[in-house]
Amino acid sequence: MPKRVVRDVAGTNSGSSSLATWQSAGLSLAMLITAFVNGLGALAGGVALVAVIWSLARLRRRAPTARSTCDLVGVALGERASTMVALLQMCAYLFLASYLASRTGFLHVLSPWVSDPDLAIDSWWWPVSSAVAVVVAGVVVYALSTRVLAAICAVLAGAAALIVFYLALAVVAKVLGGTEPMQVGQQPTSAGLEDVATVLLLGLTVVGIEVVTTANSQLRSAARPMGLALAAGMACTALVWTADQVGTTGGFSYGADNFLLVVAELFGVPGTNWLLTVTICANISGLLAVTWALIRVAGPIGQRFTSGTDMPGDLAAALVLIPVVAVIAIAVCRNWGVLAVTPSVAPILLIVVYLFVAEASARLPRWENLTWTIKVLTAVVLVAVVLVPLLYAWSPDMASAHEDFAANALWRVAIAGLLVAAAAGVAARWPDLVGVDAANRGDESDEASGVAMGRR
């Protein structure tokens, strides 16, 4: 396809079916809100995401009409890579949805009509509420158009971000105005492997910003909405961490674990109510966004199995995956062994996806040195995410003090490895399970020739 035609196709994205920038940014921001209290680790993760956003934007310029994230990767790396990325994203989003559903179900425990929260946590009300949240989210996602759903997520996520921002600003202003900071215990000193493990585990919460590219063909831009969401999210994270450091006497810490307590201490019931509002907005927007992304990724796979029927692929995917998400959400609530660990597997799977994105970007012509540097750094991050928590968990002091932490670290890596191997096996056996957009695959411009040269 000549370059002139590609530009014409790209221009169609500005039509009525495309998502506005604020809607797209809202979907990405919804995935970052839960990381606001993770301090310097989340900020480090945000810096790494800049390279991911740049790589995705670069791929989108190469294939502006590609349908989704896996198609963007598949245009440069082929059908097997496209299928593998889709499967990894589907598993990661499934685990994230179960975690966010458990958090949403927990809102029932915080409701005013629950007289004994401890009893409600131990009862089946929390798991059942989480399962109901999953079903409701699935129905809402399937019933509403992408533009309406994106608008809802943008409003909820934006409201949560604004409230957090102003609460953190109010904490800083009140303490600097003369109010005594909250007294907390002195943080124990840490060094070496513990510091690295802490930053990595906190940074793993900053994933999922790429959900918006699962609707790539409906975007006017990939870099702008993800960049805006990341900038807003990191600004809130930095201010919350500052408020935590200023508002407590516990000394330096990487996270902002005491921020919620500081707000409740300084502002009483109104502050607690605002924090509850943030929790509601954050959990609902995150659950809707990740459920939408899960169904979008799984839809083409479902279509393969329903091609001879009248059932839409996305409906088939929803009918299969929503019960799975509900079961895992219940397992998280009840702490059912290995299933309860699966939400922590999602960040590892998404980092593998980001490695594919970096590799695909490196196959494109121009910026070779930068793209290869990003690919190497992404691989290093993946290795660190796998090895450092394991080494820290199984160090003599940590293993003897927290055996559950060591076991969870091992299970997290083992499950992630099995899923990556399974996705690779399925992609090798059925490479066209998802398929790459033929319009982009058939591009014979000079840029496509450069991709072919990169493959060789």
# chains A, B, ... in the order shown; residues from 1 in each chain; ligands from 1
>>> closest_atom_pairs(of="range 63-127 of chain A", to="range 310-330 of chain A", cutoff="8 Å", atoms="only C-alpha atoms", output="CSV")
residue,atom,partner,partner_atom,distance
A:Leu94,CA,A:Val325,CA,6.0
A:Phe95,CA,A:Val325,CA,7.2
A:Ala97,CA,A:Val325,CA,6.6
A:Ser98,CA,A:Ala329,CA,4.4
A:Tyr99,CA,A:Ala329,CA,6.1
A:Ala101,CA,A:Ala329,CA,6.2
A:Ser102,CA,A:Ala329,CA,5.3
A:Pro127,CA,A:Ile330,CA,4.7
>>> write_last_selection(atoms="C-alpha atoms", output="PDB file, in the first residue's frame")
ATOM      1  CA  LEU A  94      -8.333 -11.808  33.575  1.00  0.00           C
ATOM      2  CA  PHE A  95      -6.176 -11.786  36.714  1.00  0.00           C
ATOM      3  CA  ALA A  97     -10.135  -8.114  36.677  1.00  0.00           C
ATOM      4  CA  SER A  98     -10.391 -10.696  39.472  1.00  0.00           C
ATOM      5  CA  TYR A  99      -8.246  -8.544  41.767  1.00  0.00           C
ATOM      6  CA  ALA A 101     -13.469  -7.304  41.499  1.00  0.00           C
ATOM      7  CA  SER A 102     -12.331  -8.438  44.952  1.00  0.00           C
ATOM      8  CA  PRO A 127     -16.817 -13.149  47.952  1.00  0.00           C
TER       9      PRO A 127
END
>>> residues_around(residues="Gly286 in chain A", least_positions_apart="2", cutoff="8 Å", atoms="only C-alpha atoms", output="short mmCIF file (atom, residue, chain, number, x, y, z; two decimals) with N, CA and C atoms, in the first residue's frame")
data_model
loop_
_atom_site.label_atom_id
_atom_site.label_comp_id
_atom_site.auth_asym_id
_atom_site.auth_seq_id
_atom_site.Cartn_x
_atom_site.Cartn_y
_atom_site.Cartn_z
N ALA A 30 -7.58 4.79 34.46
CA ALA A 30 -8.27 3.87 35.36
C ALA A 30 -7.37 2.73 35.82
N MET A 31 -6.35 2.41 35.02
CA MET A 31 -5.44 1.33 35.38
C MET A 31 -4.33 1.79 36.32
N ILE A 33 -4.78 4.20 38.98
CA ILE A 33 -5.22 4.84 40.22
C ILE A 33 -4.81 4.03 41.44
N LEU A 100 -9.41 -6.57 40.91
CA LEU A 100 -10.23 -5.37 41.05
C LEU A 100 -11.65 -5.72 41.47
N CYS A 153 -15.56 5.60 32.45
CA CYS A 153 -14.27 5.36 33.09
C CYS A 153 -13.48 6.65 33.25
N ALA A 157 -12.38 7.85 36.87
CA ALA A 157 -10.94 7.90 37.12
C ALA A 157 -10.47 9.33 37.33
N ALA A 282 -12.23 4.55 41.95
CA ALA A 282 -11.07 3.85 41.42
C ALA A 282 -11.38 2.40 41.10
N ASN A 283 -12.03 1.72 42.02
CA ASN A 283 -12.31 0.29 41.81
C ASN A 283 -13.30 0.06 40.68
N ILE A 284 -14.34 0.87 40.61
CA ILE A 284 -15.34 0.67 39.56
C ILE A 284 -14.76 1.01 38.20
N LEU A 288 -14.25 -1.81 35.22
CA LEU A 288 -14.89 -1.64 33.91
C LEU A 288 -13.85 -1.61 32.79
N ALA A 289 -12.76 -0.88 33.00
CA ALA A 289 -11.74 -0.74 31.96
C ALA A 289 -11.08 -2.08 31.64
N VAL A 290 -10.70 -2.83 32.68
CA VAL A 290 -9.99 -4.08 32.42
C VAL A 290 -10.94 -5.16 31.91
#
>>> atom_distance(atom1="CA of Gly26 in chain A", atom2="CA of Cys281 in chain A")
12.0 Å
>>> atom_distance(atom1="CA of Ala137 in chain A", atom2="CA of Pro347 in chain A")
21.7 Å
>>> closest_residue(among="A:Ala66, A:Val199, A:Val140, A:Ile280", to="Ala159 in chain A", atoms="only C-alpha atoms")
A:Ile280
>>> select_by_dssp(residues="range 33-183 of chain A", states="alpha helix (DSSP H)", output="ChimeraX atom specification")
/A:39-62,69-77,79-109,117-122,125-143,146-176
>>> closest_residue(among="A:Thr198, A:Ala384, A:Arg334, A:Thr279", to="Leu107 in chain A", atoms="only C-alpha atoms")
A:Thr279
>>> closest_residue(among="A:Ala416, A:Leu230, A:Gln23, A:Gly192", to="Val155 in chain A", atoms="only C-alpha atoms")
A:Gln23
>>> atom_distance(atom1="CA of Pro225 in chain A", atom2="CA of Gly302 in chain A")
28.4 Å
>>> closest_residue(among="A:Leu387, A:Val211, A:Val426, A:Val345", to="Arg296 in chain A", atoms="only C-alpha atoms")
A:Val211
>>> closest_residue(among="A:Val263, A:Ala215, A:Val207, A:Leu72", to="Arg58 in chain A", atoms="only C-alpha atoms")
A:Leu72
>>> residues_around(residues="Leu56 in chain A", least_positions_apart="6", cutoff="9 Å", atoms="only C-alpha atoms", output="PyMOL selection string")
chain A and resi 69+72-73+210+213+222-223+357-358+361
>>> residues_around(residues="Val297 in chain A", least_positions_apart="4", cutoff="9 Å", atoms="only C-alpha atoms", output="number ranges by chain")
A: 68-70, 86-87, 89-90, 214, 292-293, 301, 314
>>> residues_around(residues="range 252-258 of chain A", least_positions_apart="5", cutoff="8 Å", atoms="only C-alpha atoms", output="list in words")
Val37, Asn38, Gly39, Leu40, Gly41, Gln187, Thr198, Val199, Leu202, Val240, Trp241, Asp244 and Gln245 of chain A
>>> closest_atom_pairs(of="range 38-147 of chain A", to="range 374-382 of chain A", cutoff="9 Å", atoms="only C-alpha atoms", output="JSON lines")
{"residue": "A:Ala48", "atom": "CA", "partner": "A:Thr378", "partner_atom": "CA", "distance": 8.2}
{"residue": "A:Ala51", "atom": "CA", "partner": "A:Ile374", "partner_atom": "CA", "distance": 6.6}
{"residue": "A:Val52", "atom": "CA", "partner": "A:Ile374", "partner_atom": "CA", "distance": 8.4}
{"residue": "A:Ser55", "atom": "CA", "partner": "A:Ile374", "partner_atom": "CA", "distance": 8.6}
>>> residues_around(residues="Val171 in chain A", least_positions_apart="3", cutoff="12 Å", atoms="only C-alpha atoms", output="PyMOL selection string")
chain A and resi 164-168+174-182+239-248+258-267+271
>>> closest_residue(among="A:Ala346, A:Val434, A:Ala424, A:Ala197", to="Pro300 in chain A", atoms="only C-alpha atoms")
A:Val434
>>> residues_around(residues="Leu433 in chain A", least_positions_apart="2", cutoff="7 Å", atoms="only C-alpha atoms", output="VMD selection string")
chain A and resid 83 301 430 to 431 435
>>> write_last_selection(atoms="C-alpha atoms", output="tab-separated table (two decimals), in the first residue's frame")
chain	number	residue	atom	x	y	z
A	83	THR	CA	-1.39	-14.73	18.96
A	301	ILE	CA	-10.46	-15.78	19.64
A	430	TRP	CA	-2.43	-22.27	15.87
A	431	PRO	CA	-0.55	-19.16	14.66
A	435	GLY	CA	-4.53	-13.14	12.98
